[in-house]
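Chemist: My structure is in coords_0.pdb, and what it holds is PDB, C-alpha atoms:
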ATOM      1  CA  MET F 234      -6.126  21.100 -13.868
ATOM      2  CA  THR F 235      -5.287  23.049 -17.041
ATOM      3  CA  ASP F 236      -7.863  25.746 -16.212
ATOM      4  CA  ILE F 237      -6.522  26.039 -12.664
ATOM      5  CA  LEU F 238      -2.952  26.440 -13.923
ATOM      6  CA  LYS F 239      -4.009  29.111 -16.421
ATOM      7  CA  ARG F 240      -5.748  31.065 -13.653
ATOM      8  CA  ILE F 241      -2.675  30.821 -11.413
ATOM      9  CA  GLU F 242      -0.392  32.014 -14.221
ATOM     10  CA  ARG F 243      -2.676  34.979 -14.902
ATOM     11  CA  GLN F 244      -2.713  35.964 -11.236
ATOM     12  CA  ALA F 245       1.070  35.573 -10.947
ATOM     13  CA  GLY F 246       1.689  37.403 -14.220
ATOM     14  CA  VAL F 247       4.059  34.647 -15.379
ATOM     15  CA  ASP F 248       3.350  32.618 -18.498
ATOM     16  CA  ASN F 249       4.242  28.918 -18.413
ATOM     17  CA  LEU F 250       4.870  29.091 -14.668
ATOM     18  CA  ALA F 251       4.421  25.332 -14.168
ATOM     19  CA  ASP F 252       6.914  24.620 -16.970
ATOM     20  CA  ILE F 253       9.459  26.977 -15.443
ATOM     21  CA  LEU F 254       9.190  25.405 -11.991
ATOM     22  CA  SER F 255       9.125  21.769 -13.156
ATOM     23  CA  ASP F 256      11.554  21.849 -16.093
ATOM     24  CA  ARG F 257      13.883  24.856 -15.869
ATOM     25  CA  LEU F 258      14.787  24.777 -12.174
ATOM     26  CA  ASP F 259      16.877  21.934 -10.846
ATOM     27  CA  ALA F 260      15.577  20.065  -7.824
ATOM     28  CA  SER F 261      17.734  21.854  -5.219
ATOM     29  CA  ASP F 262      16.778  25.329  -6.478
ATOM     30  CA  LEU F 263      13.092  24.423  -6.521
ATOM     31  CA  ASN F 264      13.384  23.113  -2.963
ATOM     32  CA  SER F 265      15.062  26.341  -1.837
ATOM     33  CA  LEU F 266      12.340  28.427  -3.472
ATOM     34  CA  LEU F 267       9.499  26.443  -1.940
ATOM     35  CA  MET F 268      11.119  26.418   1.501
ATOM     36  CA  GLU F 269      11.338  30.216   1.418
ATOM     37  CA  VAL F 270       7.733  30.530   0.223
ATOM     38  CA  PHE F 271       6.422  28.362   3.049
ATOM     39  CA  ARG F 272       8.694  30.053   5.604
ATOM     40  CA  ARG F 273       7.123  33.390   4.708
ATOM     41  CA  ARG F 274       3.629  31.957   4.781
ATOM     42  CA  SER F 275       4.198  30.337   8.169
ATOM     43  CA  GLU F 276       5.369  33.669   9.642
ATOM     44  CA  LYS F 277       1.936  35.127   8.880
ATOM     45  CA  ARG F 278       0.057  32.437  10.780
ATOM     46  CA  THR F 279      -1.184  33.277  14.258
ATOM     47  CA  PRO F 280      -1.930  30.795  17.052
ATOM     48  CA  VAL F 281      -5.656  31.397  16.550
ATOM     49  CA  VAL F 282      -5.406  30.612  12.830
ATOM     50  CA  LEU F 283      -3.313  27.538  13.633
ATOM     51  CA  LEU F 284      -5.969  26.179  15.990
ATOM     52  CA  ASP F 285      -8.750  26.894  13.510
ATOM     53  CA  ASP F 286      -6.790  25.068  10.835
ATOM     54  CA  TYR F 287      -6.245  22.102  13.150
ATOM     55  CA  ARG F 288      -9.951  21.900  13.894
ATOM     56  CA  SER F 289     -11.033  22.061  10.243
ATOM     57  CA  ASN F 290      -8.278  20.244   8.322
ATOM     58  CA  ARG F 291      -9.289  16.604   7.843
ATOM     59  CA  PHE F 292      -5.667  15.516   7.260
ATOM     60  CA  VAL F 293      -4.489  16.411  10.766
ATOM     61  CA  LYS F 294      -7.344  15.082  12.899
ATOM     62  CA  PRO F 295      -6.466  12.117  15.158
ATOM     63  CA  SER F 296      -7.615   8.629  14.305
ATOM     64  CA  THR F 297     -10.854   7.522  15.945
ATOM     65  CA  VAL F 298      -9.528   3.998  16.592
ATOM     66  CA  ASP F 299      -8.543   3.078  20.147
ATOM     67  CA  PRO F 300      -4.711   2.816  20.225
ATOM     68  CA  ALA F 301      -4.954  -0.233  22.474
ATOM     69  CA  VAL F 302      -7.039  -2.021  19.825
ATOM     70  CA  MET F 303      -4.575  -1.019  17.109
ATOM     71  CA  LEU F 304      -1.661  -2.278  19.220
ATOM     72  CA  ALA F 305      -3.428  -5.606  19.784
ATOM     73  CA  TRP F 306      -4.017  -5.951  16.044
ATOM     74  CA  ASP F 307      -0.371  -5.186  15.222
ATOM     75  CA  GLN F 308       0.831  -7.734  17.770
ATOM     76  CA  ILE F 309      -1.432 -10.396  16.289
ATOM     77  CA  ALA F 310      -0.435  -9.566  12.705
ATOM     78  CA  PHE F 311       3.304  -9.541  13.398
ATOM     79  CA  ALA F 312       3.008 -12.832  15.295
ATOM     80  CA  SER F 313       1.143 -14.370  12.332
ATOM     81  CA  LEU F 314       3.805 -13.607   9.714
ATOM     82  CA  PRO F 315       4.913 -16.625   7.650
ATOM     83  CA  PRO F 316       8.432 -17.993   8.194
ATOM     84  CA  GLY F 317      11.061 -15.952   6.383
ATOM     85  CA  PHE F 318       9.250 -12.613   6.645
ATOM     86  CA  GLU F 319      11.153  -9.775   8.315
ATOM     87  CA  ALA F 320       9.271  -6.941  10.009
ATOM     88  CA  ILE F 321      10.763  -3.473   9.514
ATOM     89  CA  GLU F 322       9.884   0.075  10.604
ATOM     90  CA  LEU F 323       9.592   2.421   7.641
ATOM     91  CA  SER F 324      10.311   6.134   7.382
ATOM     92  CA  PRO F 325       7.235   8.388   7.142
ATOM     93  CA  LEU F 326       8.745   9.795   3.911
ATOM     94  CA  CYS F 327       9.669   8.175   0.610
ATOM     95  CA  PRO F 328      11.231   9.315  -2.682
ATOM     96  CA  LEU F 329       9.213  11.560  -4.976
ATOM     97  CA  GLY F 330       7.283   9.389  -7.444
ATOM     98  CA  THR F 331       7.292   6.254  -5.288
ATOM     99  CA  ASN F 332       3.719   5.488  -6.338
ATOM    100  CA  SER F 333       3.545   6.999  -9.817
ATOM    101  CA  ALA F 334       6.917   5.887 -11.227
ATOM    102  CA  VAL F 335       6.327   2.120 -11.178
ATOM    103  CA  ALA F 336       2.592   1.749 -10.509
ATOM    104  CA  THR F 337      -0.442   3.065 -12.380
ATOM    105  CA  VAL F 338      -1.245   5.564  -9.611
ATOM    106  CA  SER F 339      -1.660   9.320 -10.004
ATOM    107  CA  GLN F 340       0.931  11.493  -8.281
ATOM    108  CA  ASN F 341      -2.019  13.517  -6.947
ATOM    109  CA  LYS F 342      -2.692  10.668  -4.512
ATOM    110  CA  SER F 343       0.456  11.579  -2.569
ATOM    111  CA  VAL F 344       1.329  14.584  -0.394
ATOM    112  CA  VAL F 345       4.594  16.017  -1.728
ATOM    113  CA  THR F 346       7.001  17.956   0.502
ATOM    114  CA  THR F 347       9.453  20.745  -0.375
ATOM    115  CA  ARG F 348      12.484  18.422  -0.325
ATOM    116  CA  SER F 349      11.749  16.150  -3.291
ATOM    117  CA  VAL F 350      10.174  13.515  -1.092
ATOM    118  CA  GLU F 351       6.553  12.618  -0.394
ATOM    119  CA  VAL F 352       4.568  11.482   2.596
ATOM    120  CA  MET F 353       3.957   7.770   2.346
ATOM    121  CA  SER F 354       0.590   6.959   0.804
ATOM    122  CA  ASP F 355       1.104   3.198   0.395
ATOM    123  CA  ALA F 356       3.480   1.118   2.489
ATOM    124  CA  SER F 357       3.509  -1.636  -0.162
ATOM    125  CA  ASN F 358       5.342   0.613  -2.616
ATOM    126  CA  VAL F 359       8.056   1.455  -0.104
ATOM    127  CA  LEU F 360       8.453  -2.186   0.906
ATOM    128  CA  ALA F 361       8.862  -2.867  -2.809
ATOM    129  CA  LEU F 362      11.750  -0.366  -2.939
ATOM    130  CA  GLU F 363      13.431  -1.992   0.059
ATOM    131  CA  CYS F 364      12.908  -5.477  -1.389
ATOM    132  CA  ALA F 365      14.383  -4.346  -4.708
ATOM    133  CA  ALA F 366      17.385  -2.779  -2.956
ATOM    134  CA  ARG F 367      18.031  -6.038  -1.089
ATOM    135  CA  ARG F 368      17.575  -8.104  -4.234
ATOM    136  CA  ARG F 369      20.114  -5.871  -5.978
ATOM    137  CA  GLN F 370      22.625  -6.613  -3.223
ATOM    138  CA  LEU F 371      22.004 -10.340  -3.627
ATOM    139  CA  THR F 372      22.342 -10.297  -7.410
ATOM    140  CA  THR F 373      25.442  -8.116  -7.223
ATOM    141  CA  ALA F 374      27.091 -10.789  -5.109
ATOM    142  CA  SER F 375      25.615 -13.629  -7.182
ATOM    143  CA  PRO F 376      23.964 -12.598 -10.491
ATOM    144  CA  ARG F 377      21.671 -15.638 -10.615
ATOM    145  CA  SER F 378      20.639 -15.492  -6.959
ATOM    146  CA  THR F 379      17.149 -16.884  -6.358
ATOM    147  CA  GLU F 380      17.115 -15.988  -2.658
ATOM    148  CA  PRO F 381      13.780 -14.309  -1.933
ATOM    149  CA  VAL F 382      13.206 -11.227   0.187
ATOM    150  CA  HIS F 383      10.066 -11.055   2.338
ATOM    151  CA  LEU F 384       9.247  -7.883   4.280
ATOM    152  CA  ALA F 385       6.336  -6.621   6.369
ATOM    153  CA  ALA F 386       5.474  -3.324   8.006
ATOM    154  CA  SER F 387       2.695  -1.571   9.860
ATOM    155  CA  HIS F 388       2.513   2.080   8.873
ATOM    156  CA  ARG F 389       0.179   5.091   8.861
ATOM    157  CA  VAL F 390      -0.310   6.488   5.361
ATOM    158  CA  VAL F 391      -1.882   9.651   3.955
ATOM    159  CA  ARG F 392      -4.199   9.744   0.931
ATOM    160  CA  PRO F 393      -4.991  13.331  -0.177
ATOM    161  CA  GLU F 394      -7.638  12.603  -2.799
ATOM    162  CA  PHE F 395     -11.113  12.877  -1.311
ATOM    163  CA  ASP F 396     -13.606  10.078  -1.848
ATOM    164  CA  ALA F 397     -17.271  10.307  -0.886
ATOM    165  CA  ASN F 398     -17.106   6.701   0.371
ATOM    166  CA  PRO F 399     -17.383   6.963   4.196
ATOM    167  CA  LEU F 400     -14.944   4.053   4.547
ATOM    168  CA  MET F 401     -12.195   6.109   2.893
ATOM    169  CA  LEU F 402     -10.073   8.089   5.346
ATOM    170  CA  PRO F 403      -7.502  10.867   4.742
ATOM    171  CA  HIS F 404      -4.962   8.947   6.829
ATOM    172  CA  PHE F 405      -5.008   5.409   8.151
ATOM    173  CA  ARG F 406      -2.764   2.519   9.181
ATOM    174  CA  LEU F 407      -1.903  -0.308   6.795
ATOM    175  CA  PHE F 408      -0.298  -3.656   7.464
ATOM    176  CA  ALA F 409       1.616  -4.463   4.295
ATOM    177  CA  LEU F 410       3.653  -7.374   2.939
ATOM    178  CA  CYS F 411       6.004  -7.617  -0.016
ATOM    179  CA  SER F 412       7.771 -10.647  -1.454
ATOM    180  CA  ALA F 413      10.487 -10.365  -4.097
ATOM    181  CA  GLY F 414      12.583 -12.947  -5.893
ATOM    182  CA  ARG F 415      13.687 -14.411  -9.189
ATOM    183  CA  ASP F 416      11.566 -16.426 -11.585
ATOM    184  CA  VAL F 417      12.527 -20.051 -10.970
ATOM    185  CA  GLY F 418      10.146 -21.574 -13.516
ATOM    186  CA  SER F 419       6.748 -23.259 -13.301
ATOM    187  CA  VAL F 420       5.274 -20.058 -11.782
ATOM    188  CA  ARG F 421       6.534 -21.226  -8.385
ATOM    189  CA  PHE F 422       7.209 -17.706  -7.122
ATOM    190  CA  ARG F 423       3.641 -16.559  -7.796
ATOM    191  CA  ASP F 424       2.018 -19.667  -6.356
ATOM    192  CA  THR F 425       4.260 -19.662  -3.280
ATOM    193  CA  ALA F 426       3.453 -15.994  -2.693
ATOM    194  CA  LEU F 427      -0.278 -16.708  -2.860
ATOM    195  CA  MET F 428       0.193 -19.498  -0.307
ATOM    196  CA  ASP F 429       2.158 -17.143   1.961
ATOM    197  CA  HIS F 430       0.105 -13.949   1.744
ATOM    198  CA  ILE F 431      -3.500 -15.141   1.738
ATOM    199  CA  PRO F 432      -3.209 -17.550   4.719
ATOM    200  CA  PHE F 433      -1.356 -14.836   6.652
ATOM    201  CA  HIS F 434      -4.271 -12.428   6.277
ATOM    202  CA  LEU F 435      -6.805 -15.104   7.162
ATOM    203  CA  ARG F 436      -4.840 -16.250  10.248
ATOM    204  CA  SER F 437      -4.498 -12.688  11.484
ATOM    205  CA  LEU F 438      -8.156 -11.840  10.962
ATOM    206  CA  ARG F 439      -9.415 -15.040  12.574
ATOM    207  CA  THR F 440      -7.194 -14.557  15.617
ATOM    208  CA  PHE F 441      -8.351 -10.948  15.927
ATOM    209  CA  PHE F 442     -12.067 -11.413  15.227
ATOM    210  CA  GLY F 443     -12.548 -14.989  16.431
ATOM    211  CA  ASP F 444     -13.385 -18.098  14.450
ATOM    212  CA  GLU F 445     -17.052 -17.108  14.183
ATOM    213  CA  ALA F 446     -16.233 -14.258  11.774
ATOM    214  CA  ARG F 447     -17.208 -15.187   8.220
ATOM    215  CA  LEU F 448     -14.451 -14.382   5.715
ATOM    216  CA  ARG F 449     -14.298 -14.644   1.931
ATOM    217  CA  VAL F 450     -11.322 -14.678  -0.457
ATOM    218  CA  SER F 451     -12.098 -13.491  -3.985
ATOM    219  CA  VAL F 452      -9.425 -14.340  -6.564
ATOM    220  CA  THR F 453      -9.337 -12.598  -9.942
ATOM    221  CA  VAL F 454      -7.359 -14.144 -12.802
ATOM    222  CA  LEU F 455      -5.889 -11.461 -15.078
ATOM    223  CA  ASP F 456      -4.152 -13.877 -17.468
ATOM    224  CA  GLU F 457      -6.413 -16.727 -18.570
ATOM    225  CA  SER F 458      -3.451 -18.987 -19.263
ATOM    226  CA  ALA F 459      -2.747 -18.885 -15.509
ATOM    227  CA  ARG F 460      -6.234 -20.063 -14.458
ATOM    228  CA  PRO F 461      -5.467 -23.818 -14.167
ATOM    229  CA  HIS F 462      -2.430 -23.179 -11.945
ATOM    230  CA  ILE F 463      -4.322 -20.671  -9.799
ATOM    231  CA  ALA F 464      -7.305 -23.026  -9.448
ATOM    232  CA  SER F 465      -4.876 -25.619  -8.081
ATOM    233  CA  VAL F 466      -3.500 -23.088  -5.593
ATOM    234  CA  MET F 467      -7.044 -22.259  -4.474
ATOM    235  CA  ASP F 468      -7.639 -25.959  -3.783
ATOM    236  CA  ARG F 469      -4.494 -26.001  -1.652
ATOM    237  CA  LEU F 470      -5.693 -22.891   0.187
ATOM    238  CA  ARG F 471      -8.998 -24.585   0.989
ATOM    239  CA  ASP F 472      -7.065 -27.466   2.542
ATOM    240  CA  VAL F 473      -5.006 -25.055   4.666
ATOM    241  CA  VAL F 474      -7.809 -22.773   5.846
ATOM    242  CA  ASP F 475     -11.123 -24.346   6.806
ATOM    243  CA  GLY F 476     -14.421 -22.504   6.831
ATOM    244  CA  VAL F 477     -13.436 -19.698   4.446
ATOM    245  CA  ASP F 478     -15.115 -19.142   1.080
ATOM    246  CA  ILE F 479     -12.394 -19.058  -1.610
ATOM    247  CA  VAL F 480     -13.938 -18.169  -4.949
ATOM    248  CA  PHE F 481     -13.111 -16.763  -8.382
ATOM    249  CA  ASP F 482     -14.213 -13.171  -9.025
ATOM    250  CA  ASP F 483     -14.201 -12.523 -12.766
ATOM    251  CA  SER F 484     -16.267  -9.340 -12.397
ATOM    252  CA  ARG F 485     -13.531  -7.313 -10.674
ATOM    253  CA  THR F 486     -12.363  -4.334 -12.721
ATOM    254  CA  LYS F 487     -10.316  -2.316 -10.207
ATOM    255  CA  GLY F 488      -6.680  -3.364 -10.177
ATOM    256  CA  ARG F 489      -6.452  -4.455 -13.813
ATOM    257  CA  GLY F 490      -3.261  -2.943 -15.203
ATOM    258  CA  TYR F 491      -1.957  -2.489 -11.659
ATOM    259  CA  TYR F 492      -1.669  -6.203 -10.885
ATOM    260  CA  GLN F 493      -0.322  -8.861 -13.224
ATOM    261  CA  GLU F 494      -1.732 -12.387 -13.747
ATOM    262  CA  VAL F 495      -3.653 -12.588 -10.452
ATOM    263  CA  CYS F 496      -4.987 -10.500  -7.594
ATOM    264  CA  PHE F 497      -7.238 -11.105  -4.617
ATOM    265  CA  LYS F 498      -9.438  -9.415  -2.046
ATOM    266  CA  ILE F 499     -10.544 -10.545   1.418
ATOM    267  CA  HIS F 500     -13.899  -9.471   2.850
ATOM    268  CA  ARG F 501     -15.674  -9.977   6.160
ATOM    269  CA  GLU F 502     -19.426 -10.382   6.313
ATOM    270  CA  MET F 503     -21.169  -7.807   8.527
ATOM    271  CA  PRO F 504     -24.891  -7.163   9.133
ATOM    272  CA  ASN F 505     -24.821  -4.425   6.479
ATOM    273  CA  GLY F 506     -22.952  -6.522   3.903
ATOM    274  CA  TRP F 507     -19.440  -7.607   3.005
ATOM    275  CA  ILE F 508     -16.632  -5.236   4.062
ATOM    276  CA  GLU F 509     -13.353  -5.248   2.137
ATOM    277  CA  LEU F 510     -10.346  -5.666   4.415
ATOM    278  CA  ALA F 511      -7.354  -6.855   2.361
ATOM    279  CA  ASP F 512      -6.071  -6.656  -1.188
ATOM    280  CA  GLY F 513      -3.022  -7.993  -3.018
ATOM    281  CA  GLY F 514      -1.537  -9.537  -6.094
ATOM    282  CA  LEU F 515       1.416 -10.004  -8.420
ATOM    283  CA  VAL F 516       3.064  -6.798  -9.715
ATOM    284  CA  ASP F 517       5.798  -6.096 -12.259
ATOM    285  CA  TRP F 518       7.635  -3.598 -10.049
ATOM    286  CA  GLY F 519      10.616  -5.877  -9.372
ATOM    287  CA  ALA F 520      11.337  -6.193 -13.075
ATOM    288  CA  LYS F 521      11.004  -2.425 -13.539
ATOM    289  CA  LEU F 522      13.077  -1.402 -10.533
ATOM    290  CA  LEU F 523      15.894  -3.827 -11.299
ATOM    291  CA  SER F 524      15.644  -3.717 -15.108
ATOM    292  CA  ASN F 525      15.440  -7.492 -15.143
ATOM    293  CA  ALA F 526      12.488  -9.385 -16.609
ATOM    294  CA  LYS F 527      13.292 -12.366 -14.389
ATOM    295  CA  GLU F 528      12.533 -10.461 -11.178
ATOM    296  CA  ARG F 529       9.170 -11.125  -9.531
ATOM    297  CA  MET F 530       7.245  -9.253  -6.833
ATOM    298  CA  PHE F 531       4.031  -9.878  -4.902
ATOM    299  CA  ILE F 532       2.380  -7.362  -2.569
ATOM    300  CA  SER F 533      -0.599  -7.323  -0.237
ATOM    301  CA  GLY F 534      -2.024  -5.045   2.406
ATOM    302  CA  ILE F 535      -4.760  -4.966   4.974
ATOM    303  CA  GLY F 536      -6.563  -1.871   6.223
ATOM    304  CA  SER F 537      -5.748  -1.903   9.931
ATOM    305  CA  GLU F 538      -8.030   1.057  10.657
ATOM    306  CA  ARG F 539     -10.943  -0.700   9.018
ATOM    307  CA  VAL F 540     -10.191  -3.985  10.781
ATOM    308  CA  CYS F 541      -9.983  -2.333  14.190
ATOM    309  CA  GLY F 542     -13.144  -0.351  13.583
ATOM    310  CA  LEU F 543     -15.169  -3.558  13.313
ATOM    311  CA  ILE F 544     -14.767  -4.607  16.945
ATOM    312  CA  THR F 545     -15.929  -3.006  20.177
ATOM    313  CA  THR F 546     -13.614  -4.651  22.708
ATOM    314  CA  THR F 547      -9.857  -5.064  22.775
ATOM    315  CA  PRO F 548      -8.866  -8.662  21.962
ATOM    316  CA  SER F 549      -6.133 -10.473  23.799
ATOM    317  CA  SER F 550      -2.810 -10.045  21.997
ATOM    318  CA  VAL F 551      -0.408 -12.911  21.390
TER
END
Just give me the structure of the file as C-alpha cells.
Modeler:
Amino acid sequence: MTDILKRIERQAGVDNLADILSDRLDASDLNSLLMEVFRRRSEKRTPVVLLDDYRSNRFVKPSTVDPAVMLAWDQIAFASLPPGFEAIELSPLCPLGTNSAVATVSQNKSVVTTRSVEVMSDASNVLALECAARRRQLTTASPRSTEPVHLAASHRVVRPEFDANPLMLPHFRLFALCSAGRDVGSVRFRDTALMDHIPFHLRSLRTFFGDEARLRVSVTVLDESARPHIASVMDRLRDVVDGVDIVFDDSRTKGRGYYQEVCFKIHREMPNGWIELADGGLVDWGAKLLSNAKERMFISGIGSERVCGLITTTPSSV
C-alpha cells in the first residue's frame, strides 16, 4: 500500500496527500471534496461505458440463488428463532469503522462511501451496535440491569477483498444473531448464549435440508480454564439435538483474537467434503462499546447464500 500511495502522490504532485486528506481535513470537508470528485467522474460516463462496467464488475452482478429459495430459507430461519429474539431490518449502511473499530478486521474489507459511512460487510457487527445501544438505554434507566438483548437479521453484505476460494462471493446474504447482556456470574451468559445460538442454527438447517442432512458442530475453546464448563454445555447440546456430531476442534486457528473464550463452526457433509455454513462465538465488543467490563456479547451468523446453493428444489416454508 505504501508503494501505491507514493505513486499516487507523485502523479498528483502533492506530497503527503493521504495525510492531508485523512488528518488535516475534517469529515464534512472531505465528504464535500469526494462528492465533487465523483460527480465530475460520473458526468464523463456514457451509457455504453455504464453497461460495460455492469457486465464486468463482480460487485454489481446479481446473485445466482433463486429468490424463492432464499425467501423460503429466511422464513424458516425467522420461525426458528429462540424465544426472546427480535427480528429487525437493518440499513444497508453503517458507521465508518463498524468492523475495524471493535473487531480485529481490516478496514479494507469494507466498501466506504463519501459520507463517512460504509456499506455493510457483516450484519453481526451492526447488530452488536444496536444491542449495545439498547443495553445503554437499559443501564441508563437501571445501572445494574441484567436484562438481555437478543436481535436477529437477514441482510445482504458486501466484501471487497478478493479471495481465490470459489465459495467466497463479493456480496451475499447472511442470517445473523447477536445476544448482549451483563455478566451475572458462573459464566451463565456465555453458556446460555451457546444453548440459544447453536440449536437455532441446527433447527433451521434441519428444517431446510431435511433430517437426512448430516451436520457437525465444532467447538473451539480459546481459554483452557473454560473447557470444563463448555464440555458440560456440549453434553446438554447433545441431549437437545439428536443425530448431530458435536466435537471439540483444538486445531482451529482462524478466529483467535476475534472471539473470546469459545467459538464454534457448523458444517454440512456433502459428496465433496464438509462445507462450512455457520460461525459464532463470544466477543468483547459489548465491553468495548459500553466501556464496561461487565458487559457480554455473543454473535453468530450463517451464510444464507451458501445454504441455499446446496439444494436444487424450493423447500416448503413454515
Chemist: Take every atom of segment 453-456 of chain F listed in the file, pad by 5 Å on each side, and give me the axis-aligned box centre and edge lengths in Å, one decimal, as JSON.
Modeler:
{"center_x": -6.7, "center_y": -12.8, "center_z": -13.7, "size_x": 15.2, "size_y": 12.7, "size_z": 17.5}
Chemist: If I take atom CA of Leu510 of chain F and atom CA of Leu329 of chain F, how far is one from the other in Å, to one decimal?
Modeler: 27.7 Å
Chemist: Using only C-alpha atoms, which residues sit within 12 Å of segment 310-324 of chain F once same-chain residues fewer than 6 positions away are excluded, as a PyMOL selection string?
Modeler: chain F and resi 303-304+350-364+380-390+407-413+425-441+534-537+540+550-551
Chemist: Which residue gives the smallest distance to Trp306 of chain F among F:Arg539, F:His404, F:Arg272, F:Arg469, with all atoms listed in the file counted?
Modeler: F:Arg539
Chemist: When the PyMOL selection byres ((chain F and resi 292-300) around 9) is applied to the structure above, which residues does it catch, written out as a list of chain:residue names?
Modeler: F:Asp286, F:Tyr287, F:Arg288, F:Ser289, F:Asn290, F:Arg291, F:Ala301, F:Val302, F:Met303, F:Leu304, F:Ala305, F:Val391, F:Arg392, F:Pro393, F:Leu402, F:Pro403, F:His404, F:Phe405, F:Glu538, F:Cys541, F:Gly542, F:Thr547
Chemist: Using the selection just defined, write its residues with C-alpha atoms as a PDB file, keeping the file's coordinate frame.
Modeler:
ATOM      1  CA  ASP F 286      -6.790  25.068  10.835  1.00  0.00           C
ATOM      2  CA  TYR F 287      -6.245  22.102  13.150  1.00  0.00           C
ATOM      3  CA  ARG F 288      -9.951  21.900  13.894  1.00  0.00           C
ATOM      4  CA  SER F 289     -11.033  22.061  10.243  1.00  0.00           C
ATOM      5  CA  ASN F 290      -8.278  20.244   8.322  1.00  0.00           C
ATOM      6  CA  ARG F 291      -9.289  16.604   7.843  1.00  0.00           C
ATOM      7  CA  ALA F 301      -4.954  -0.233  22.474  1.00  0.00           C
ATOM      8  CA  VAL F 302      -7.039  -2.021  19.825  1.00  0.00           C
ATOM      9  CA  MET F 303      -4.575  -1.019  17.109  1.00  0.00           C
ATOM     10  CA  LEU F 304      -1.661  -2.278  19.220  1.00  0.00           C
ATOM     11  CA  ALA F 305      -3.428  -5.606  19.784  1.00  0.00           C
ATOM     12  CA  VAL F 391      -1.882   9.651   3.955  1.00  0.00           C
ATOM     13  CA  ARG F 392      -4.199   9.744   0.931  1.00  0.00           C
ATOM     14  CA  PRO F 393      -4.991  13.331  -0.177  1.00  0.00           C
ATOM     15  CA  LEU F 402     -10.073   8.089   5.346  1.00  0.00           C
ATOM     16  CA  PRO F 403      -7.502  10.867   4.742  1.00  0.00           C
ATOM     17  CA  HIS F 404      -4.962   8.947   6.829  1.00  0.00           C
ATOM     18  CA  PHE F 405      -5.008   5.409   8.151  1.00  0.00           C
ATOM     19  CA  GLU F 538      -8.030   1.057  10.657  1.00  0.00           C
ATOM     20  CA  CYS F 541      -9.983  -2.333  14.190  1.00  0.00           C
ATOM     21  CA  GLY F 542     -13.144  -0.351  13.583  1.00  0.00           C
ATOM     22  CA  THR F 547      -9.857  -5.064  22.775  1.00  0.00           C
TER      23      THR F 547
END
Chemist: If you measure from atom CA of Gln493 of chain F to atom CA of Asp416 of chain F, what distance in Å do you get, rounded to one decimal?
Modeler: 14.2 Å
Chemist: Do a neighbour search on segment 450-454 of chain F at 9 Å with all atoms listed in the file, toss out local chain neighbours closer than 2 positions, and write the hits as number ranges by chain.
Modeler: F: 431, 435, 448, 456-460, 463, 467, 477-485, 493-500
Chemist: Work out how far atom CA of Arg273 of chain F is from atom CA of Thr346 of chain F, in Å to one decimal.
Modeler: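 Computed distance, atom CA of Thr346 of chain F to atom CA of Arg273 of chain F, equals 16.0 Å.
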Chemist: Using only C-alpha atoms, which residue out of F:Pro376, F:Pro280, F:Gly246, F:Pro325 lies closest to Glu528 of chain F?
Modeler: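 The answer is F:Pro376, which sits nearest to Glu528 of chain F.
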Chemist: Counting only C-alpha atoms, which of F:Ala365, F:Ile237, F:Val473, F:Leu371 gets nearest to Phe531 of chain F?
Modeler: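 Among F:Ala365, F:Ile237, F:Val473, F:Leu371, it is F:Ala365 that comes nearest to Phe531 of chain F.
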Chemist: Kindly indicate which residue among F:Phe422, F:Ser349, F:Gly330, F:Pro504 lies nearest to Leu267 of chain F, using all atoms listed in the file for the distances.
Modeler: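 Checking each of F:Phe422, F:Ser349, F:Gly330, F:Pro504 against Leu267 of chain F, counting all atoms listed in the file, the winner is F:Ser349.
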Chemist: Leaving out Ala336 of chain F and any residue of its chain fewer than 2 positions from it, which residues lie within 8 Å of it when counting only C-alpha atoms, given as a list in words?
Modeler: Asn332, Ser333, Ala334, Val338, Tyr491 and Trp518 of chain F
Chemist: Since the input is missing atoms for segment 295-305 of chain F, could you rebuild it with N, CA and C atoms and give the result as a PDB file, in the frame of the given file?
Modeler:
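Written file, part-v9.pdb:
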ATOM      1  N   PRO F 295      -6.907  13.427  14.658  1.00  0.00           N
ATOM      2  CA  PRO F 295      -6.466  12.117  15.158  1.00  0.00           C
ATOM      3  C   PRO F 295      -7.370  10.999  14.656  1.00  0.00           C
ATOM      4  N   SER F 296      -6.824   9.806  14.636  1.00  0.00           N
ATOM      5  CA  SER F 296      -7.615   8.629  14.305  1.00  0.00           C
ATOM      6  C   SER F 296      -8.669   8.395  15.381  1.00  0.00           C
ATOM      7  N   THR F 297      -9.787   7.828  14.994  1.00  0.00           N
ATOM      8  CA  THR F 297     -10.854   7.522  15.945  1.00  0.00           C
ATOM      9  C   THR F 297     -10.710   6.133  16.552  1.00  0.00           C
ATOM     10  N   VAL F 298      -9.727   5.365  16.096  1.00  0.00           N
ATOM     11  CA  VAL F 298      -9.528   3.998  16.592  1.00  0.00           C
ATOM     12  C   VAL F 298      -8.770   4.030  17.919  1.00  0.00           C
ATOM     13  N   ASP F 299      -9.203   3.208  18.852  1.00  0.00           N
ATOM     14  CA  ASP F 299      -8.543   3.078  20.147  1.00  0.00           C
ATOM     15  C   ASP F 299      -7.116   2.563  19.932  1.00  0.00           C
ATOM     16  N   PRO F 300      -6.089   3.284  20.420  1.00  0.00           N
ATOM     17  CA  PRO F 300      -4.711   2.816  20.225  1.00  0.00           C
ATOM     18  C   PRO F 300      -4.456   1.428  20.807  1.00  0.00           C
ATOM     19  N   ALA F 301      -5.142   1.093  21.887  1.00  0.00           N
ATOM     20  CA  ALA F 301      -4.954  -0.233  22.474  1.00  0.00           C
ATOM     21  C   ALA F 301      -5.437  -1.332  21.524  1.00  0.00           C
ATOM     22  N   VAL F 302      -6.531  -1.061  20.806  1.00  0.00           N
ATOM     23  CA  VAL F 302      -7.039  -2.021  19.825  1.00  0.00           C
ATOM     24  C   VAL F 302      -6.060  -2.140  18.660  1.00  0.00           C
ATOM     25  N   MET F 303      -5.537  -0.997  18.206  1.00  0.00           N
ATOM     26  CA  MET F 303      -4.575  -1.019  17.109  1.00  0.00           C
ATOM     27  C   MET F 303      -3.307  -1.771  17.501  1.00  0.00           C
ATOM     28  N   LEU F 304      -2.844  -1.570  18.743  1.00  0.00           N
ATOM     29  CA  LEU F 304      -1.661  -2.278  19.220  1.00  0.00           C
ATOM     30  C   LEU F 304      -1.909  -3.783  19.260  1.00  0.00           C
ATOM     31  N   ALA F 305      -3.098  -4.176  19.731  1.00  0.00           N
ATOM     32  CA  ALA F 305      -3.428  -5.606  19.784  1.00  0.00           C
ATOM     33  C   ALA F 305      -3.440  -6.205  18.383  1.00  0.00           C
TER      34      ALA F 305
END
